[in-house]
Amino acid sequence: MKNEREISADILVQIIKSGAYNNIILRKTLTSETGLSETQKAFITENVNGVLRNLIYIDYIIDSFSKLPANKMKPFIAAVLRSAAYQIMFMDKVPTFAACDEAVKIVKRRGFSNLSGFVNGVLRNVAKNSKSVTLPYKNTHAVEYLSVKYSYPKWIIEHFLTEYDIEKTEEICAISVMPSKVCICVNNMRTSRGELLNRLQKEGVIAENGVDENLLYIKGTGDLSELSVFKEGLFHIIDENAVKAVYALEPSKNDIVIDMCAAPGGKSFSLAYLMENTGKIYANDIFDHKINLIKTGAKRLGIENIDAQIDDAAVLNEAFLNYADKVLVDAPCTGLGIIRKKPDIKYRRTSLDIKNLAKMQRDILKTAAQYVKPEGILVYSTCTLSKAENEDNAGWFKDNHSFELLSSETFLPKAGGGDGFFVAKFRRKSD
């Protein structure tokens, strides 16, 4: 049976070489690998996400002690080295000798005995000398320095530097390599924050109050779905800044609301709580499996006012013309604000994605505008840090549609708190 280190290496191969999504392959693997303890699952999750958050930096260190660069090695050998290097440099509770010895055992077990000496030598050097490796000089090579230290492709650093100064850019990058807290929204149709806090603590989960009365931060748990409070539908997961789009919509009892790009459903669920299960929320998405995800979540939470249906947000649905009191457009985006939670985004995106997605967002906004009743509210939000997708699109929408811009704000990632989000609120003018 594979141990947690070997499983971590296999997952990394699938993500880095084959392009699998880290959150999907992690969930699938942790479910299918029976016999793993919660401690082992937590180790795998931290190891994989930690390597992805710090991949460029880890490769920079490995390449300092190897004639063959990490990205030219056999994928499994590179994955073992990356996994072990992360353990040595970032996981304080893992003894260095254990990380090295286990890596050697793994490569031997997988038929690479001829490379075991190479793996051992590189990792011993990482353990002894990684802190003395010189990074690019910040004052003269800022892009290279930030790219290596915080493991960002250079194009993203260059993009950030066109929109923020170097200090703010470094702050954003530094936060993104920190482990993120899990934020949950209390289902106040079934419980209170205080009651849920007590229940979580009884189940061995470390919990603390969030930034408002509907939110909690939790840690100290592996699979949330195994908790009795989860099964009873007492909460769902949502970022503290993502929920600001819900609050901006200001839903009322008996409203008709359209959530244009609703999956996985977190914002629709929060809307349902605030609406006290009244009115109607049309939670739309383009993929059937995502609609099923919303339906499953709504059932677990006891939500009855959500109608989840397949609908292409960029294509006009005449049944919705002038129909909704409130419309939420949480648009598909480059995701540069949520890299802390989904680190593989850094390596998937290209600069061209910003242009292409900004156009798609305008197509969706053009459609959404036709669904809002006169005097109704439209909220446009993204989880990215790109003016082309955020402020520029909000300005374009205001200038080209009969809507008044009421507010617009970018929420930058913060240490110990929310991810990067943009929220703009509009009111449709009377005809």
# chains A, B, ... in the order shown; residues from 1 in each chain; ligands from 1
call {"tool": "residues_around", "arguments": {"residues": "range 369-374 of chain A", "least_positions_apart": "6", "cutoff": "12 Å", "atoms": "only C-alpha atoms", "output": "PyMOL selection string"}}
result
chain A and resi 255-260+282+313-329+362-363+380+397-398+400-404+426-431
call {"tool": "residues_around", "arguments": {"residues": "Gln87 in chain A", "least_positions_apart": "5", "cutoff": "8 Å", "atoms": "only C-alpha atoms", "output": "ChimeraX atom specification"}}
result
/A:47,92,94,96,99
call {"tool": "residues_around", "arguments": {"residues": "range 405-419 of chain A", "least_positions_apart": "6", "cutoff": "8 Å", "atoms": "only C-alpha atoms", "output": "PyMOL selection string"}}
result
chain A and resi 172+175-176+178+180-181+239-242+337-338+340+383+385+391+398+425-427
call {"tool": "write_last_selection", "arguments": {"atoms": "C-alpha atoms", "output": "short mmCIF file (atom, residue, chain, number, x, y, z; two decimals), in the first residue's frame"}}
result
data_model
loop_
_atom_site.label_atom_id
_atom_site.label_comp_id
_atom_site.auth_asym_id
_atom_site.auth_seq_id
_atom_site.Cartn_x
_atom_site.Cartn_y
_atom_site.Cartn_z
CA ILE A 172 -0.44 40.17 -2.67
CA ILE A 175 -0.28 36.29 1.10
CA SER A 176 -0.95 33.86 -1.74
CA MET A 178 0.25 31.28 2.97
CA SER A 180 -5.71 29.77 3.77
CA LYS A 181 -8.33 29.57 6.48
CA ASP A 239 -15.03 33.15 1.38
CA GLU A 240 -15.55 36.23 3.55
CA ASN A 241 -15.01 38.51 0.56
CA ALA A 242 -17.12 36.41 -1.81
CA GLY A 337 -7.60 36.64 -6.46
CA ILE A 338 -8.02 33.06 -5.24
CA ARG A 340 -4.07 30.96 -2.26
CA CYS A 383 -12.57 36.62 -7.94
CA LEU A 385 -7.31 41.13 -9.67
CA GLU A 391 -13.17 48.28 -13.08
CA LYS A 398 -22.43 51.83 -16.82
CA LYS A 425 -23.45 47.29 -7.61
CA PHE A 426 -25.84 48.85 -10.17
CA ARG A 427 -29.47 49.99 -10.19
#
call {"tool": "residues_around", "arguments": {"residues": "Lys2 in chain A", "least_positions_apart": "5", "cutoff": "12 Å", "atoms": "only C-alpha atoms", "output": "tab-separated table (two decimals) with C-alpha atoms, in the first residue's frame"}}
result
chain	number	residue	atom	x	y	z
A	7	ILE	CA	0.46	9.39	-2.93
A	8	SER	CA	1.49	13.06	-2.80
A	9	ALA	CA	4.07	12.47	-5.54
A	10	ASP	CA	1.54	10.66	-7.74
A	29	THR	CA	-7.69	10.48	-4.41
A	33	GLU	CA	-7.47	5.65	-1.18
A	34	THR	CA	-9.17	3.76	1.63
A	35	GLY	CA	-7.33	3.23	4.87
A	36	LEU	CA	-5.82	6.69	5.10
A	40	GLN	CA	-2.38	11.25	6.47
A	44	ILE	CA	-1.20	14.91	1.57
A	102	GLU	CA	11.35	8.18	2.52
A	105	LYS	CA	12.65	4.40	-0.51
A	106	ILE	CA	9.86	5.59	-2.79
A	109	ARG	CA	10.06	0.95	-4.73
A	110	ARG	CA	8.91	2.44	-8.03
call {"tool": "residues_around", "arguments": {"residues": "range 209-214 of chain A", "least_positions_apart": "3", "cutoff": "8 Å", "atoms": "only C-alpha atoms", "output": "list in words"}}
result
Cys183, Cys185, Val186, Asn188, Arg193, Tyr217 and Glu240 of chain A
call {"tool": "select_by_dssp", "arguments": {"residues": "range 250-364 of chain A", "states": "alpha helix (DSSP H)", "output": "PyMOL selection string"}}
result
chain A and resi 266-274+288-301+345-348+351-364
call {"tool": "write_last_selection", "arguments": {"atoms": "N, CA and C atoms", "output": "CSV table (one decimal), in the first residue's frame"}}
result
chain,number,residue,atom,x,y,z
A,266,GLY,N,-22.5,28.5,-3.5
A,266,GLY,CA,-22.3,29.2,-2.2
A,266,GLY,C,-23.1,30.5,-2.1
A,267,LYS,N,-23.0,31.3,-3.1
A,267,LYS,CA,-23.7,32.6,-3.0
A,267,LYS,C,-25.2,32.4,-3.1
A,268,SER,N,-25.7,31.5,-3.8
A,268,SER,CA,-27.2,31.2,-3.9
A,268,SER,C,-27.6,30.7,-2.5
A,269,PHE,N,-26.8,29.9,-1.8
A,269,PHE,CA,-27.2,29.4,-0.5
A,269,PHE,C,-27.3,30.6,0.5
A,270,SER,N,-26.3,31.5,0.4
A,270,SER,CA,-26.3,32.6,1.3
A,270,SER,C,-27.5,33.5,1.1
A,271,LEU,N,-27.9,33.7,-0.2
A,271,LEU,CA,-29.0,34.5,-0.6
A,271,LEU,C,-30.3,33.8,0.0
A,272,ALA,N,-30.4,32.5,0.0
A,272,ALA,CA,-31.6,31.8,0.5
A,272,ALA,C,-31.7,32.0,2.0
A,273,TYR,N,-30.6,32.0,2.7
A,273,TYR,CA,-30.7,32.3,4.2
A,273,TYR,C,-31.3,33.7,4.4
A,274,LEU,N,-30.7,34.7,3.7
A,274,LEU,CA,-31.1,36.1,3.9
A,274,LEU,C,-32.6,36.3,3.5
A,288,ASP,N,-24.3,20.4,-16.5
A,288,ASP,CA,-25.2,19.5,-15.8
A,288,ASP,C,-24.7,19.1,-14.4
A,289,HIS,N,-23.4,18.7,-14.4
A,289,HIS,CA,-22.8,18.2,-13.1
A,289,HIS,C,-22.8,19.3,-12.1
A,290,LYS,N,-22.6,20.6,-12.5
A,290,LYS,CA,-22.6,21.7,-11.6
A,290,LYS,C,-24.0,22.0,-11.1
A,291,ILE,N,-25.0,21.8,-11.9
A,291,ILE,CA,-26.4,22.0,-11.5
A,291,ILE,C,-26.7,20.9,-10.4
A,292,ASN,N,-26.3,19.7,-10.6
A,292,ASN,CA,-26.5,18.6,-9.6
A,292,ASN,C,-25.8,19.0,-8.3
A,293,LEU,N,-24.6,19.6,-8.4
A,293,LEU,CA,-23.9,20.0,-7.2
A,293,LEU,C,-24.7,21.0,-6.4
A,294,ILE,N,-25.4,22.0,-7.1
A,294,ILE,CA,-26.2,23.0,-6.4
A,294,ILE,C,-27.4,22.3,-5.8
A,295,LYS,N,-28.1,21.4,-6.5
A,295,LYS,CA,-29.3,20.8,-6.0
A,295,LYS,C,-28.9,20.0,-4.8
A,296,THR,N,-27.8,19.3,-4.8
A,296,THR,CA,-27.4,18.4,-3.7
A,296,THR,C,-27.2,19.3,-2.4
A,297,GLY,N,-26.5,20.4,-2.7
A,297,GLY,CA,-26.2,21.4,-1.5
A,297,GLY,C,-27.5,22.0,-1.0
A,298,ALA,N,-28.4,22.4,-1.9
A,298,ALA,CA,-29.6,23.0,-1.4
A,298,ALA,C,-30.4,22.0,-0.6
A,299,LYS,N,-30.5,20.7,-1.0
A,299,LYS,CA,-31.2,19.7,-0.3
A,299,LYS,C,-30.6,19.5,1.1
A,300,ARG,N,-29.3,19.4,1.2
A,300,ARG,CA,-28.6,19.2,2.5
A,300,ARG,C,-28.9,20.4,3.4
A,301,LEU,N,-29.0,21.6,2.9
A,301,LEU,CA,-29.2,22.8,3.7
A,301,LEU,C,-30.7,23.1,4.0
A,345,ILE,N,-3.9,27.6,-10.5
A,345,ILE,CA,-4.4,28.7,-11.4
A,345,ILE,C,-3.2,29.4,-12.0
A,346,LYS,N,-2.1,29.6,-11.1
A,346,LYS,CA,-1.0,30.4,-11.6
A,346,LYS,C,-0.3,29.8,-12.8
A,347,TYR,N,-0.4,28.5,-12.9
A,347,TYR,CA,0.3,27.9,-14.0
A,347,TYR,C,-0.6,27.5,-15.2
A,348,ARG,N,-1.9,27.7,-15.0
A,348,ARG,CA,-2.8,27.5,-16.1
A,348,ARG,C,-3.1,28.7,-17.0
A,351,SER,N,-1.7,35.5,-20.3
A,351,SER,CA,-2.1,36.9,-20.4
A,351,SER,C,-3.3,37.0,-21.3
A,352,LEU,N,-3.4,36.2,-22.3
A,352,LEU,CA,-4.5,36.2,-23.3
A,352,LEU,C,-5.8,35.9,-22.6
A,353,ASP,N,-5.8,35.2,-21.5
A,353,ASP,CA,-7.0,34.8,-20.8
A,353,ASP,C,-7.7,36.1,-20.3
A,354,ILE,N,-7.0,37.1,-19.9
A,354,ILE,CA,-7.6,38.3,-19.4
A,354,ILE,C,-8.4,39.0,-20.5
A,355,LYS,N,-7.9,39.1,-21.7
A,355,LYS,CA,-8.6,39.7,-22.8
A,355,LYS,C,-9.9,38.9,-23.1
A,356,ASN,N,-9.7,37.6,-23.3
A,356,ASN,CA,-10.8,36.7,-23.7
A,356,ASN,C,-11.9,36.7,-22.7
A,357,LEU,N,-11.5,36.6,-21.4
A,357,LEU,CA,-12.5,36.5,-20.3
A,357,LEU,C,-13.2,37.8,-20.1
A,358,ALA,N,-12.5,38.9,-20.3
A,358,ALA,CA,-13.2,40.2,-20.2
A,358,ALA,C,-14.3,40.4,-21.2
A,359,LYS,N,-14.0,39.9,-22.5
A,359,LYS,CA,-15.1,39.9,-23.5
A,359,LYS,C,-16.2,39.0,-23.1
A,360,MET,N,-16.0,37.8,-22.6
A,360,MET,CA,-17.0,36.9,-22.2
A,360,MET,C,-17.9,37.6,-21.1
A,361,GLN,N,-17.2,38.2,-20.2
A,361,GLN,CA,-17.9,38.9,-19.1
A,361,GLN,C,-18.9,40.0,-19.6
A,362,ARG,N,-18.4,40.7,-20.6
A,362,ARG,CA,-19.3,41.7,-21.2
A,362,ARG,C,-20.5,41.1,-21.9
A,363,ASP,N,-20.3,40.0,-22.5
A,363,ASP,CA,-21.4,39.3,-23.2
A,363,ASP,C,-22.5,38.9,-22.1
A,364,ILE,N,-22.0,38.4,-21.0
A,364,ILE,CA,-22.9,38.0,-19.9
A,364,ILE,C,-23.6,39.2,-19.3
call {"tool": "closest_residue", "arguments": {"among": "A:Met189, A:Ala263, A:Ala248, A:Ile62", "to": "Val119 in chain A", "atoms": "only C-alpha atoms"}}
result
A:Ile62
call {"tool": "atom_distance", "arguments": {"atom1": "CA of Asp330 in chain A", "atom2": "CA of Ile16 in chain A"}}
result
28.3 Å
call {"tool": "residues_around", "arguments": {"residues": "range 154-157 of chain A", "least_positions_apart": "4", "cutoff": "8 Å", "atoms": "only C-alpha atoms", "output": "list in words"}}
result
Val143, Glu144, Leu146, Ser147, Leu161, Thr169, Lys346, Thr350 and Ser351 of chain A
call {"tool": "closest_residue", "arguments": {"among": "A:Phe112, A:Tyr152, A:Phe421, A:Tyr247", "to": "Asp344 in chain A", "atoms": "only C-alpha atoms"}}
result
A:Tyr152
call {"tool": "select_by_dssp", "arguments": {"residues": "range 76-201 of chain A", "states": "strand (DSSP E)", "output": "ChimeraX atom specification"}}
result
/A:182-186
call {"tool": "write_last_selection", "arguments": {"atoms": "N, CA and C atoms", "output": "compact mmCIF listing (two decimals), in the first residue's frame"}}
result
# COMPACT_ATOMS: atom_id res chain seq x y z
N VAL A 182 -10.33 28.24 6.33
CA VAL A 182 -11.61 27.82 5.78
C VAL A 182 -12.70 28.67 6.42
N CYS A 183 -13.44 29.38 5.60
CA CYS A 183 -14.53 30.23 6.09
C CYS A 183 -15.86 29.55 5.77
N ILE A 184 -16.74 29.51 6.75
CA ILE A 184 -18.05 28.89 6.53
C ILE A 184 -19.16 29.88 6.88
N CYS A 185 -20.29 29.73 6.20
CA CYS A 185 -21.45 30.57 6.42
C CYS A 185 -22.49 29.77 7.21
N VAL A 186 -22.97 30.32 8.29
CA VAL A 186 -23.93 29.65 9.16
C VAL A 186 -25.30 29.61 8.49
call {"tool": "closest_residue", "arguments": {"among": "A:Ala283, A:Leu227, A:Cys100, A:Ala424", "to": "Leu249 in chain A", "atoms": "only C-alpha atoms"}}
result
A:Ala424
call {"tool": "decode", "arguments": {"residues": "range 149-199 of chain A", "atoms": "C-alpha atoms", "output": "tab-separated table (two decimals), in the first residue's frame"}}
result
chain	number	residue	atom	x	y	z
A	149	LYS	CA	10.34	34.00	-4.21
A	150	TYR	CA	6.56	33.69	-4.48
A	151	SER	CA	6.35	31.21	-7.36
A	152	TYR	CA	4.47	33.30	-9.88
A	153	PRO	CA	4.97	33.13	-13.64
A	154	LYS	CA	6.64	36.34	-14.75
A	155	TRP	CA	3.67	37.52	-16.80
A	156	ILE	CA	1.45	37.69	-13.69
A	157	ILE	CA	4.08	39.71	-11.81
A	158	GLU	CA	4.35	42.07	-14.78
A	159	HIS	CA	0.56	42.34	-14.87
A	160	PHE	CA	0.33	43.16	-11.14
A	161	LEU	CA	3.08	45.77	-11.48
A	162	THR	CA	1.00	47.62	-14.10
A	163	GLU	CA	-1.81	47.95	-11.56
A	164	TYR	CA	-0.04	48.14	-8.18
A	165	ASP	CA	3.30	49.37	-6.90
A	166	ILE	CA	6.00	46.86	-6.02
A	167	GLU	CA	5.17	46.89	-2.29
A	168	LYS	CA	1.49	46.08	-2.85
A	169	THR	CA	2.41	43.49	-5.50
A	170	GLU	CA	4.75	41.76	-3.08
A	171	GLU	CA	2.11	41.84	-0.35
A	172	ILE	CA	-0.44	40.17	-2.67
A	173	CYS	CA	2.10	37.52	-3.70
A	174	ALA	CA	3.28	36.88	-0.13
A	175	ILE	CA	-0.28	36.29	1.10
A	176	SER	CA	-0.95	33.86	-1.74
A	177	VAL	CA	1.70	31.39	-0.55
A	178	MET	CA	0.25	31.28	2.97
A	179	PRO	CA	-2.15	28.45	3.85
A	180	SER	CA	-5.71	29.77	3.77
A	181	LYS	CA	-8.33	29.57	6.48
A	182	VAL	CA	-11.61	27.82	5.78
A	183	CYS	CA	-14.53	30.23	6.09
A	184	ILE	CA	-18.05	28.89	6.53
A	185	CYS	CA	-21.45	30.57	6.42
A	186	VAL	CA	-23.93	29.65	9.16
A	187	ASN	CA	-27.28	28.31	8.00
A	188	ASN	CA	-29.31	30.58	10.27
A	189	MET	CA	-32.50	28.88	9.16
A	190	ARG	CA	-31.36	25.90	11.25
A	191	THR	CA	-28.93	27.18	13.86
A	192	SER	CA	-27.09	30.21	15.24
A	193	ARG	CA	-23.41	31.04	15.05
A	194	GLY	CA	-22.96	30.39	18.77
A	195	GLU	CA	-24.70	27.01	18.61
A	196	LEU	CA	-22.70	25.96	15.55
A	197	LEU	CA	-19.46	27.08	17.19
A	198	ASN	CA	-20.20	24.84	20.18
A	199	ARG	CA	-21.14	21.89	17.99
